[in-house]
Amino acid sequence: MVQKYQSPVRVYKQPFELVMAAYERRFPTCPLIPMFVDSDVVSEHKSEDGSTHRIERRCKLDVDAPRLLKRIAGVDFVYFIQKNTLNRRERTLHIESHNETFSNRVMIHELCCYSVHPDNEDWTCFEQSASLDIKSFFGFESTVEKIAMKQYASSIKKGKEIIEYYLRELEEEGVTHIPRWAPSPASPAKPSITARPELPVTPAISIPVANAKDTHSNKDSTSLPGSLTEPLTGTPDDKLDADYIKRYLGDLTPLQESCLIRLRQWLQETHKGKIPKDEHILRFLRARDFNIDKAREILCQSLTWRKQHQVDYLLETWNSPQVLHDYYTGGWHHHDKDGRPLYILRLGQMDTKGLVRALGEESLLRHVLSINEEGLRRCEENTKVFGRPISCWTCLVDLEGLNMRHLWRPGVKALLRIIEVVEANYPETLGRLLILRAPRVFPVLWTLVSPFIDENTRKKFLIYAGNDYQGPGGLVDYIDKEIIPDFLGGECMCEVPEGGLVPKSLYRTAEELENEDIRLWTETIYQSASVFKGAPHELLIEIIDASSVITWDFDVCKGDIVFNIFHSKRAPQPPKKDTLGAHGITSPGGNNVQLIDKSWLLGQDYSMVESPLTCKEGESVQGSHVTRWPGFYILQWKFHSMPACATTNLPRVDDVLATLQVSSHKCKVMYYTEVLGSEDFRNACGSVQSLGSMTSLESSHSGFSQLSAATTSSSQSQSSSMISR
């Protein structure tokens, strides 16, 4: 398997020419890089005007590998070929390096670039990417891969410090400015800065380094936009800046940075540049230990879930019932010592049975989701207020009063469901959970709940029995004394409701709750459907007036599908629902309807009005079709088999939304369709005139969420119809 690395944009707040002067001091050898033994110039060429300098070197490295491995390989040193192209006119340095030793067994390829910052010509940007492909290595492939990745990560982390070390050395020597190259004949530069511009980069193995402090300041961080879904100011091509990562996302290792950038890039490519916020992507990566495939899988699940249930609009649209205001014993309360938002839940005082009987599971679930959405918002605010990344919150749970009443089976069931939804869609948002005054019944509840909580989350739990929280290692270690709530012996008044028993007069009947539950969670304009091999899902739309416009918006939740549009003058037979039992599958969340009779002939009984559109798993597609004739139009989603050897930067996830163990010959789509009159369509399109019926069109009723809208739009235009103005 090929290992890939992509760096963020690292910025030196010095001019390009000065950075180049610091960089050339690394050759022919560098005492700060003990493994870099020597380098020889293989070839060198300079243009007549001196603007371009190309140099090729053969670099000798003493790789830090086990002696036994070196003996088996039969080598003491590893050689790399490095090709550098310095363009003084454009102020760029491009570097390409690859291994010469064992090139038939191991392929290491690195690309680096120094260039001028797009918004400040006195700053210099640096980027690098690399790939490692181990084909065979005497049976030690896994060991070699670990050694290479470890040393390369070290080289990335220390490479910037080495340049800054030589920049300080230049400053100590009095060299603080180097003139830019000019095409006209000019007087020679000062001797102290006319050293030959040899500008290679350490190859993709290792850079051990001396201790050099990071001199990067964050004075420019205020220029970063608040909305992380927009391109970053001063970052070319919407790339991530290393300073931005440190300021808003925290200290990441080079390989963690690479995972974030690669997953972000995959989302950009798949969803046409609209992506979730970086801290949101990072949470899912952390939840899966920076395994890109696994993180992408659960992220795609969550984005689809958010879109289906319009979770991004929850804070604006959810009005919690009065019974929650009166009897739900939870609320936000200042922040902890780390700046994390603090949420207090007096679970022991809460009548869980009464709330479930009065509200139902769905209302409770929505209320908890609104709490999590508010927590995300508060994290963003605190990140700005405290000037450091804050991506999670602290929860304080007071269990005084907890008894067997809280172990009521429907209440525990509701709690488990809430935990399941929160774990799946808000990973790595809980920084610390303080459980206070745990009674003797608590181990029973913990036994029921703990299996549903992620192991990494359980490690964040701190449990105090009785009054232990008042002593050393208690609350004062995590919360300032001034904001400890009064009911816990502090002096701060806490506005969290005291709770109490919910009056039985507020209880709802089982039928009322069931009807409301259905209404709450079918409150979405999207429908879901299952697509099987040999059993497409088809949707009938009857058109009375020609020149009407059929619009669609669908997500490919699982598998790859082919989307078709057909027209027929006669109505098909009543919809025939596929009995999923024929496939050995039960589908609680989707349906499968087939309209086109097998006796129908394409071109005779019905015709294809659009070229087939192949849609990949995870894509969201919006489009429209201007109808030429009245009659019956059939939208069809058909199973599509991917080639066995598909080449992508990131391997495909075979089952993005797998919640059931089902056949691989199953796809799942979530769709919404709408028919517009030609006049309404012109209003929607404004003054845009375009060719192609499969063009991007977002209905004003589409219900896109910010996160899922940020993942969308991969419409492709394969047109045959004119869209009138």
# chains A, B, ... in the order shown; residues from 1 in each chain; ligands from 1

call {"tool": "select_by_dssp", "arguments": {"residues": "segment 442-557 of chain A", "states": "alpha helix (DSSP H)", "output": "mmCIF file with N, CA, C and O atoms, in the first residue's frame"}}
result
data_model
loop_
_atom_site.group_PDB
_atom_site.id
_atom_site.type_symbol
_atom_site.label_atom_id
_atom_site.label_comp_id
_atom_site.auth_asym_id
_atom_site.auth_seq_id
_atom_site.Cartn_x
_atom_site.Cartn_y
_atom_site.Cartn_z
ATOM 1 N N PHE A 442 -25.226 3.572 41.587
ATOM 2 C CA PHE A 442 -24.548 4.002 40.362
ATOM 3 C C PHE A 442 -23.877 2.854 39.610
ATOM 4 O O PHE A 442 -23.956 2.792 38.379
ATOM 5 N N PRO A 443 -23.202 1.908 40.288
ATOM 6 C CA PRO A 443 -22.577 0.812 39.528
ATOM 7 C C PRO A 443 -23.565 0.041 38.661
ATOM 8 O O PRO A 443 -23.192 -0.466 37.597
ATOM 9 N N VAL A 444 -24.824 -0.055 39.092
ATOM 10 C CA VAL A 444 -25.819 -0.752 38.279
ATOM 11 C C VAL A 444 -26.059 0.012 36.986
ATOM 12 O O VAL A 444 -26.063 -0.561 35.880
ATOM 13 N N LEU A 445 -26.256 1.335 37.107
ATOM 14 C CA LEU A 445 -26.471 2.165 35.918
ATOM 15 C C LEU A 445 -25.238 2.160 35.021
ATOM 16 O O LEU A 445 -25.348 2.083 33.792
ATOM 17 N N TRP A 446 -24.071 2.207 35.627
ATOM 18 C CA TRP A 446 -22.829 2.226 34.851
ATOM 19 C C TRP A 446 -22.660 0.926 34.065
ATOM 20 O O TRP A 446 -22.208 0.934 32.919
ATOM 21 N N THR A 447 -23.033 -0.188 34.667
ATOM 22 C CA THR A 447 -22.949 -1.472 33.976
ATOM 23 C C THR A 447 -23.836 -1.492 32.737
ATOM 24 O O THR A 447 -23.476 -2.062 31.702
ATOM 25 N N LEU A 448 -25.001 -0.843 32.816
ATOM 26 C CA LEU A 448 -25.921 -0.814 31.681
ATOM 27 C C LEU A 448 -25.441 0.117 30.578
ATOM 28 O O LEU A 448 -25.600 -0.160 29.390
ATOM 29 N N VAL A 449 -24.836 1.240 30.966
ATOM 30 C CA VAL A 449 -24.532 2.308 30.012
ATOM 31 C C VAL A 449 -23.135 2.184 29.414
ATOM 32 O O VAL A 449 -22.934 2.447 28.222
ATOM 33 N N GLU A 455 -14.427 3.682 24.177
ATOM 34 C CA GLU A 455 -13.371 3.491 25.180
ATOM 35 C C GLU A 455 -12.598 4.777 25.423
ATOM 36 O O GLU A 455 -12.261 5.101 26.567
ATOM 37 N N ASN A 456 -12.288 5.516 24.367
ATOM 38 C CA ASN A 456 -11.565 6.779 24.541
ATOM 39 C C ASN A 456 -12.380 7.763 25.368
ATOM 40 O O ASN A 456 -11.822 8.552 26.138
ATOM 41 N N THR A 457 -13.710 7.735 25.212
ATOM 42 C CA THR A 457 -14.571 8.625 25.989
ATOM 43 C C THR A 457 -14.596 8.207 27.453
ATOM 44 O O THR A 457 -14.553 9.055 28.363
ATOM 45 N N ARG A 458 -14.636 6.898 27.705
ATOM 46 C CA ARG A 458 -14.673 6.415 29.093
ATOM 47 C C ARG A 458 -13.424 6.835 29.868
ATOM 48 O O ARG A 458 -13.480 7.026 31.084
ATOM 49 N N ALA A 510 -49.583 6.705 24.936
ATOM 50 C CA ALA A 510 -48.619 6.031 24.059
ATOM 51 C C ALA A 510 -48.891 6.351 22.602
ATOM 52 O O ALA A 510 -47.967 6.532 21.801
ATOM 53 N N GLU A 511 -50.171 6.450 22.236
ATOM 54 C CA GLU A 511 -50.520 6.751 20.845
ATOM 55 C C GLU A 511 -50.102 8.161 20.459
ATOM 56 O O GLU A 511 -49.575 8.392 19.370
ATOM 57 N N GLU A 512 -50.312 9.109 21.380
ATOM 58 C CA GLU A 512 -49.906 10.495 21.106
ATOM 59 C C GLU A 512 -48.392 10.585 20.917
ATOM 60 O O GLU A 512 -47.905 11.251 19.999
ATOM 61 N N LEU A 513 -47.670 9.912 21.808
ATOM 62 C CA LEU A 513 -46.212 9.951 21.700
ATOM 63 C C LEU A 513 -45.734 9.287 20.424
ATOM 64 O O LEU A 513 -44.821 9.778 19.752
ATOM 65 N N GLU A 514 -46.338 8.178 20.054
ATOM 66 C CA GLU A 514 -45.932 7.475 18.842
ATOM 67 C C GLU A 514 -46.160 8.344 17.616
ATOM 68 O O GLU A 514 -45.288 8.454 16.747
ATOM 69 N N ASN A 515 -47.333 8.981 17.540
ATOM 70 C CA ASN A 515 -47.632 9.847 16.397
ATOM 71 C C ASN A 515 -46.671 11.023 16.342
ATOM 72 O O ASN A 515 -46.207 11.418 15.276
ATOM 73 N N GLU A 516 -46.354 11.593 17.495
ATOM 74 C CA GLU A 516 -45.451 12.736 17.503
ATOM 75 C C GLU A 516 -44.034 12.323 17.156
ATOM 76 O O GLU A 516 -43.323 13.022 16.454
ATOM 77 N N ASP A 517 -43.629 11.137 17.646
ATOM 78 C CA ASP A 517 -42.291 10.648 17.302
ATOM 79 C C ASP A 517 -42.145 10.510 15.803
ATOM 80 O O ASP A 517 -41.141 10.901 15.217
ATOM 81 N N ILE A 518 -43.178 9.949 15.145
ATOM 82 C CA ILE A 518 -43.120 9.787 13.696
ATOM 83 C C ILE A 518 -43.049 11.146 13.020
ATOM 84 O O ILE A 518 -42.263 11.363 12.106
ATOM 85 N N ARG A 519 -43.844 12.084 13.525
ATOM 86 C CA ARG A 519 -43.846 13.405 12.902
ATOM 87 C C ARG A 519 -42.482 14.081 13.040
ATOM 88 O O ARG A 519 -41.973 14.681 12.108
ATOM 89 N N LEU A 520 -41.888 13.939 14.228
ATOM 90 C CA LEU A 520 -40.621 14.614 14.466
ATOM 91 C C LEU A 520 -39.522 14.112 13.540
ATOM 92 O O LEU A 520 -38.790 14.885 12.946
ATOM 93 N N TRP A 521 -39.413 12.806 13.405
ATOM 94 C CA TRP A 521 -38.271 12.286 12.673
ATOM 95 C C TRP A 521 -38.574 11.944 11.223
ATOM 96 O O TRP A 521 -37.751 11.427 10.521
#

call {"tool": "select_by_dssp", "arguments": {"residues": "segment 69-178 of chain A", "states": "strand (DSSP E)", "output": "NGL selection string"}}
result
:A and (78-87 or 92-99 or 106-117 or 120-134)

call {"tool": "write_last_selection", "arguments": {"atoms": "N, CA and C atoms", "output": "short mmCIF file (atom, residue, chain, number, x, y, z; two decimals), in the first residue's frame"}}
result
data_model
loop_
_atom_site.label_atom_id
_atom_site.label_comp_id
_atom_site.auth_asym_id
_atom_site.auth_seq_id
_atom_site.Cartn_x
_atom_site.Cartn_y
_atom_site.Cartn_z
N VAL A 78 22.47 4.96 2.33
CA VAL A 78 21.40 5.05 1.34
C VAL A 78 21.63 6.31 0.51
N TYR A 79 21.46 6.19 -0.81
CA TYR A 79 21.70 7.32 -1.70
C TYR A 79 20.39 7.81 -2.31
N PHE A 80 20.29 9.13 -2.40
CA PHE A 80 19.13 9.78 -3.01
C PHE A 80 19.60 10.73 -4.11
N ILE A 81 18.77 10.85 -5.12
CA ILE A 81 19.00 11.84 -6.19
C ILE A 81 18.05 13.00 -5.94
N GLN A 82 18.62 14.21 -5.98
CA GLN A 82 17.84 15.40 -5.68
C GLN A 82 18.04 16.42 -6.79
N LYS A 83 16.92 16.87 -7.37
CA LYS A 83 16.96 17.84 -8.47
C LYS A 83 16.26 19.12 -8.04
N ASN A 84 16.99 20.23 -8.11
CA ASN A 84 16.46 21.52 -7.68
C ASN A 84 16.44 22.50 -8.85
N THR A 85 15.38 23.26 -8.93
CA THR A 85 15.27 24.30 -9.95
C THR A 85 14.92 25.61 -9.26
N LEU A 86 15.89 26.53 -9.24
CA LEU A 86 15.68 27.85 -8.64
C LEU A 86 15.38 28.85 -9.74
N ASN A 87 14.25 29.52 -9.63
CA ASN A 87 13.86 30.56 -10.58
C ASN A 87 13.84 31.88 -9.84
N THR A 92 10.90 31.26 -7.02
CA THR A 92 10.43 29.92 -6.63
C THR A 92 11.61 28.95 -6.64
N LEU A 93 11.50 27.94 -5.79
CA LEU A 93 12.44 26.83 -5.80
C LEU A 93 11.62 25.54 -5.78
N HIS A 94 11.78 24.75 -6.82
CA HIS A 94 11.10 23.46 -6.91
C HIS A 94 12.12 22.35 -6.70
N ILE A 95 11.77 21.40 -5.85
CA ILE A 95 12.68 20.33 -5.46
C ILE A 95 12.00 18.99 -5.70
N GLU A 96 12.73 18.10 -6.33
CA GLU A 96 12.24 16.74 -6.54
C GLU A 96 13.34 15.78 -6.13
N SER A 97 12.99 14.79 -5.30
CA SER A 97 14.00 13.82 -4.88
C SER A 97 13.40 12.43 -4.87
N HIS A 98 14.27 11.45 -5.12
CA HIS A 98 13.85 10.05 -5.09
C HIS A 98 15.05 9.19 -4.71
N ASN A 99 14.77 8.02 -4.20
CA ASN A 99 15.85 7.14 -3.75
C ASN A 99 16.48 6.42 -4.94
N VAL A 106 11.90 -0.38 -3.15
CA VAL A 106 11.24 0.70 -2.40
C VAL A 106 11.25 1.95 -3.26
N MET A 107 10.09 2.62 -3.36
CA MET A 107 10.00 3.87 -4.12
C MET A 107 9.63 5.00 -3.17
N ILE A 108 10.55 5.93 -3.01
CA ILE A 108 10.31 7.14 -2.20
C ILE A 108 10.40 8.34 -3.13
N HIS A 109 9.35 9.12 -3.15
CA HIS A 109 9.31 10.27 -4.05
C HIS A 109 8.81 11.48 -3.27
N GLU A 110 9.56 12.58 -3.39
CA GLU A 110 9.20 13.79 -2.64
C GLU A 110 9.23 15.00 -3.57
N LEU A 111 8.24 15.87 -3.39
CA LEU A 111 8.17 17.15 -4.10
C LEU A 111 8.05 18.26 -3.08
N CYS A 112 8.88 19.31 -3.24
CA CYS A 112 8.84 20.46 -2.34
C CYS A 112 8.85 21.74 -3.16
N CYS A 113 8.36 22.79 -2.54
CA CYS A 113 8.32 24.08 -3.24
C CYS A 113 8.42 25.22 -2.24
N TYR A 114 9.36 26.13 -2.51
CA TYR A 114 9.42 27.42 -1.82
C TYR A 114 8.90 28.47 -2.78
N SER A 115 8.04 29.35 -2.28
CA SER A 115 7.48 30.40 -3.13
C SER A 115 7.13 31.61 -2.28
N VAL A 116 6.81 32.70 -2.96
CA VAL A 116 6.47 33.94 -2.27
C VAL A 116 5.03 33.86 -1.77
N HIS A 117 4.80 34.35 -0.55
CA HIS A 117 3.46 34.36 0.02
C HIS A 117 2.54 35.20 -0.87
N ASN A 120 1.81 38.65 0.88
CA ASN A 120 2.90 39.44 1.45
C ASN A 120 4.19 39.01 0.75
N GLU A 121 4.69 39.85 -0.12
CA GLU A 121 5.86 39.48 -0.92
C GLU A 121 7.14 39.41 -0.11
N ASP A 122 7.09 39.81 1.16
CA ASP A 122 8.26 39.70 2.02
C ASP A 122 8.22 38.45 2.89
N TRP A 123 7.27 37.57 2.63
CA TRP A 123 7.19 36.29 3.33
C TRP A 123 7.38 35.17 2.33
N THR A 124 7.76 34.00 2.85
CA THR A 124 8.03 32.84 2.00
C THR A 124 7.20 31.64 2.45
N CYS A 125 6.58 30.95 1.52
CA CYS A 125 5.79 29.75 1.80
C CYS A 125 6.57 28.50 1.42
N PHE A 126 6.31 27.44 2.16
CA PHE A 126 6.94 26.16 1.87
C PHE A 126 5.88 25.05 1.95
N GLU A 127 5.90 24.16 0.95
CA GLU A 127 5.01 23.00 0.93
C GLU A 127 5.80 21.78 0.51
N GLN A 128 5.34 20.62 0.95
CA GLN A 128 5.97 19.39 0.49
C GLN A 128 4.95 18.26 0.49
N SER A 129 5.17 17.33 -0.41
CA SER A 129 4.36 16.12 -0.47
C SER A 129 5.31 14.96 -0.75
N ALA A 130 4.90 13.78 -0.34
CA ALA A 130 5.77 12.61 -0.51
C ALA A 130 4.93 11.35 -0.57
N SER A 131 5.51 10.33 -1.16
CA SER A 131 4.86 9.02 -1.21
C SER A 131 5.91 7.94 -0.96
N LEU A 132 5.48 6.86 -0.33
CA LEU A 132 6.34 5.73 -0.01
C LEU A 132 5.64 4.46 -0.46
N ASP A 133 6.31 3.70 -1.32
CA ASP A 133 5.73 2.45 -1.84
C ASP A 133 6.77 1.34 -1.67
N ILE A 134 6.52 0.44 -0.73
CA ILE A 134 7.44 -0.67 -0.47
C ILE A 134 6.90 -1.91 -1.16
#

call {"tool": "atom_distance", "arguments": {"atom1": "atom CA of Glu24 of chain A", "atom2": "atom CA of Met149 of chain A"}}
result
25.7 Å

call {"tool": "atom_distance", "arguments": {"atom1": "atom CA of Thr329 of chain A", "atom2": "atom CA of Asp398 of chain A"}}
result
10.0 Å

call {"tool": "residues_around", "arguments": {"residues": "Leu347 of chain A", "least_positions_apart": "2", "cutoff": "10 Å", "atoms": "only C-alpha atoms", "output": "mmCIF file with N, CA, C and O atoms, in the first residue's frame"}}
result
data_model
loop_
_atom_site.group_PDB
_atom_site.id
_atom_site.type_symbol
_atom_site.label_atom_id
_atom_site.label_comp_id
_atom_site.auth_asym_id
_atom_site.auth_seq_id
_atom_site.Cartn_x
_atom_site.Cartn_y
_atom_site.Cartn_z
ATOM 1 N N TYR A 328 -36.127 19.800 33.118
ATOM 2 C CA TYR A 328 -34.858 19.238 32.638
ATOM 3 C C TYR A 328 -33.730 19.916 33.393
ATOM 4 O O TYR A 328 -33.471 21.119 33.227
ATOM 5 N N THR A 329 -33.035 19.154 34.222
ATOM 6 C CA THR A 329 -32.084 19.729 35.179
ATOM 7 C C THR A 329 -30.679 19.825 34.593
ATOM 8 O O THR A 329 -29.712 19.259 35.120
ATOM 9 N N GLY A 330 -30.551 20.540 33.505
ATOM 10 C CA GLY A 330 -29.245 20.723 32.871
ATOM 11 C C GLY A 330 -29.126 22.104 32.271
ATOM 12 O O GLY A 330 -30.134 22.724 31.886
ATOM 13 N N ILE A 344 -23.625 21.570 33.164
ATOM 14 C CA ILE A 344 -23.974 20.923 34.431
ATOM 15 C C ILE A 344 -25.285 20.177 34.259
ATOM 16 O O ILE A 344 -26.271 20.723 33.746
ATOM 17 N N LEU A 345 -25.290 18.920 34.705
ATOM 18 C CA LEU A 345 -26.492 18.087 34.640
ATOM 19 C C LEU A 345 -26.729 17.487 36.023
ATOM 20 O O LEU A 345 -25.924 16.708 36.530
ATOM 21 N N GLN A 349 -31.591 14.678 40.282
ATOM 22 C CA GLN A 349 -32.812 15.439 40.549
ATOM 23 C C GLN A 349 -33.796 15.381 39.384
ATOM 24 O O GLN A 349 -34.869 15.978 39.451
ATOM 25 N N MET A 350 -33.426 14.668 38.317
ATOM 26 C CA MET A 350 -34.264 14.653 37.115
ATOM 27 C C MET A 350 -35.243 13.480 37.163
ATOM 28 O O MET A 350 -34.870 12.351 37.479
ATOM 29 N N ASP A 351 -36.497 13.780 36.818
ATOM 30 C CA ASP A 351 -37.531 12.752 36.720
ATOM 31 C C ASP A 351 -37.515 12.207 35.294
ATOM 32 O O ASP A 351 -38.283 12.641 34.438
ATOM 33 N N THR A 352 -36.605 11.267 35.045
ATOM 34 C CA THR A 352 -36.464 10.750 33.675
ATOM 35 C C THR A 352 -37.736 10.064 33.206
ATOM 36 O O THR A 352 -38.140 10.218 32.043
ATOM 37 N N LEU A 396 -20.318 18.279 33.980
ATOM 38 C CA LEU A 396 -20.361 17.948 35.397
ATOM 39 C C LEU A 396 -21.727 17.333 35.689
ATOM 40 O O LEU A 396 -22.762 17.977 35.480
ATOM 41 N N VAL A 397 -21.733 16.075 36.154
ATOM 42 C CA VAL A 397 -22.981 15.363 36.433
ATOM 43 C C VAL A 397 -23.084 15.121 37.936
ATOM 44 O O VAL A 397 -22.236 14.441 38.531
ATOM 45 N N ASP A 398 -24.117 15.697 38.538
ATOM 46 C CA ASP A 398 -24.362 15.510 39.966
ATOM 47 C C ASP A 398 -25.403 14.402 40.142
ATOM 48 O O ASP A 398 -26.535 14.509 39.660
ATOM 49 N N LEU A 399 -25.010 13.325 40.840
ATOM 50 C CA LEU A 399 -25.888 12.164 40.972
ATOM 51 C C LEU A 399 -26.606 12.109 42.319
ATOM 52 O O LEU A 399 -27.243 11.101 42.637
ATOM 53 N N GLU A 400 -26.519 13.167 43.110
ATOM 54 C CA GLU A 400 -27.239 13.135 44.382
ATOM 55 C C GLU A 400 -28.738 12.968 44.120
ATOM 56 O O GLU A 400 -29.334 13.723 43.348
ATOM 57 N N GLY A 401 -29.341 11.970 44.741
ATOM 58 C CA GLY A 401 -30.752 11.688 44.530
ATOM 59 C C GLY A 401 -30.997 10.536 43.574
ATOM 60 O O GLY A 401 -32.135 10.111 43.394
ATOM 61 N N LEU A 402 -29.925 10.033 42.946
ATOM 62 C CA LEU A 402 -30.098 8.923 42.013
ATOM 63 C C LEU A 402 -30.553 7.684 42.774
ATOM 64 O O LEU A 402 -29.995 7.329 43.810
ATOM 65 N N HIS A 406 -34.524 5.829 38.623
ATOM 66 C CA HIS A 406 -33.825 6.222 37.399
ATOM 67 C C HIS A 406 -33.485 5.026 36.510
ATOM 68 O O HIS A 406 -33.024 5.206 35.388
ATOM 69 N N ILE A 435 -18.204 13.152 37.438
ATOM 70 C CA ILE A 435 -19.385 12.541 38.042
ATOM 71 C C ILE A 435 -19.256 12.663 39.559
ATOM 72 O O ILE A 435 -18.350 12.086 40.161
ATOM 73 N N GLY A 499 -35.450 20.834 39.030
ATOM 74 C CA GLY A 499 -36.150 19.620 38.634
ATOM 75 C C GLY A 499 -37.347 19.324 39.506
ATOM 76 O O GLY A 499 -38.126 20.207 39.854
#

call {"tool": "atom_distance", "arguments": {"atom1": "atom CA of Ile390 of chain A", "atom2": "atom CA of Ile419 of chain A"}}
result
22.3 Å

call {"tool": "closest_residue", "arguments": {"among": "A:Ala424, A:Leu263, A:Ala529, A:Val19", "to": "Leu369 of chain A", "atoms": "only C-alpha atoms"}}
result
A:Ala424

call {"tool": "residues_around", "arguments": {"residues": "Ile543 of chain A", "least_positions_apart": "2", "cutoff": "9 Å", "atoms": "only C-alpha atoms", "output": "MDAnalysis selection string"}}
result
chainID A and resid 541 545:546 548 627 629:633 675

call {"tool": "write_last_selection", "arguments": {"atoms": "N, CA and C atoms", "output": "PDB file, in the first residue's frame"}}
result
ATOM      1  N   ILE A 541     -43.112  10.670 -12.403  1.00  0.00           N
ATOM      2  CA  ILE A 541     -43.533  12.071 -12.362  1.00  0.00           C
ATOM      3  C   ILE A 541     -44.383  12.337 -13.603  1.00  0.00           C
ATOM      4  N   ASP A 545     -47.877  20.033 -18.554  1.00  0.00           N
ATOM      5  CA  ASP A 545     -47.448  21.120 -19.435  1.00  0.00           C
ATOM      6  C   ASP A 545     -46.009  20.899 -19.875  1.00  0.00           C
ATOM      7  N   ALA A 546     -45.797  20.948 -21.184  1.00  0.00           N
ATOM      8  CA  ALA A 546     -44.423  20.881 -21.700  1.00  0.00           C
ATOM      9  C   ALA A 546     -43.640  22.085 -21.196  1.00  0.00           C
ATOM     10  N   SER A 548     -42.084  22.206 -18.522  1.00  0.00           N
ATOM     11  CA  SER A 548     -41.932  22.192 -17.069  1.00  0.00           C
ATOM     12  C   SER A 548     -40.509  21.741 -16.740  1.00  0.00           C
ATOM     13  N   THR A 627     -38.599  19.590 -19.554  1.00  0.00           N
ATOM     14  CA  THR A 627     -39.386  18.601 -20.300  1.00  0.00           C
ATOM     15  C   THR A 627     -39.806  19.166 -21.654  1.00  0.00           C
ATOM     16  N   TRP A 629     -41.985  17.267 -23.716  1.00  0.00           N
ATOM     17  CA  TRP A 629     -43.316  16.761 -24.033  1.00  0.00           C
ATOM     18  C   TRP A 629     -44.059  16.478 -22.738  1.00  0.00           C
ATOM     19  N   PRO A 630     -45.389  16.551 -22.766  1.00  0.00           N
ATOM     20  CA  PRO A 630     -46.165  16.065 -21.625  1.00  0.00           C
ATOM     21  C   PRO A 630     -46.081  14.549 -21.575  1.00  0.00           C
ATOM     22  N   GLY A 631     -46.535  13.982 -20.512  1.00  0.00           N
ATOM     23  CA  GLY A 631     -46.497  12.529 -20.379  1.00  0.00           C
ATOM     24  C   GLY A 631     -45.924  12.107 -19.049  1.00  0.00           C
ATOM     25  N   PHE A 632     -45.310  10.934 -19.052  1.00  0.00           N
ATOM     26  CA  PHE A 632     -44.832  10.345 -17.805  1.00  0.00           C
ATOM     27  C   PHE A 632     -43.306  10.232 -17.849  1.00  0.00           C
ATOM     28  N   TYR A 633     -42.679  10.827 -16.855  1.00  0.00           N
ATOM     29  CA  TYR A 633     -41.222  10.784 -16.745  1.00  0.00           C
ATOM     30  C   TYR A 633     -40.858   9.863 -15.573  1.00  0.00           C
ATOM     31  N   VAL A 675     -41.177  19.620  -9.109  1.00  0.00           N
ATOM     32  CA  VAL A 675     -41.514  20.040 -10.467  1.00  0.00           C
ATOM     33  C   VAL A 675     -41.835  21.526 -10.434  1.00  0.00           C
TER      34      VAL A 675
END

call {"tool": "decode", "arguments": {"residues": "segment 155-165 of chain A", "atoms": "N, CA and C atoms", "output": "tab-separated table (two decimals), in the first residue's frame"}}
result
chain	number	residue	atom	x	y	z
A	155	SER	N	11.73	14.38	10.27
A	155	SER	CA	12.37	15.34	9.37
A	155	SER	C	11.45	16.51	9.06
A	156	ILE	N	10.18	16.24	8.92
A	156	ILE	CA	9.22	17.31	8.62
A	156	ILE	C	9.13	18.27	9.80
A	157	LYS	N	9.05	17.70	11.00
A	157	LYS	CA	8.88	18.51	12.20
A	157	LYS	C	10.09	19.40	12.44
A	158	LYS	N	11.29	18.90	12.14
A	158	LYS	CA	12.50	19.63	12.45
A	158	LYS	C	13.03	20.46	11.28
A	159	GLY	N	12.53	20.19	10.08
A	159	GLY	CA	13.06	20.89	8.91
A	159	GLY	C	12.92	22.40	9.00
A	160	LYS	N	11.76	22.86	9.47
A	160	LYS	CA	11.52	24.30	9.59
A	160	LYS	C	12.45	24.92	10.63
A	161	GLU	N	12.70	24.19	11.71
A	161	GLU	CA	13.59	24.71	12.75
A	161	GLU	C	15.02	24.88	12.22
A	162	ILE	N	15.44	24.00	11.32
A	162	ILE	CA	16.79	24.11	10.76
A	162	ILE	C	16.92	25.39	9.93
A	163	ILE	N	15.93	25.67	9.10
A	163	ILE	CA	15.96	26.90	8.30
A	163	ILE	C	15.99	28.12	9.22
A	164	GLU	N	15.18	28.09	10.26
A	164	GLU	CA	15.15	29.24	11.17
A	164	GLU	C	16.47	29.37	11.94
A	165	TYR	N	17.14	28.25	12.19
A	165	TYR	CA	18.45	28.31	12.83
A	165	TYR	C	19.43	29.08	11.95
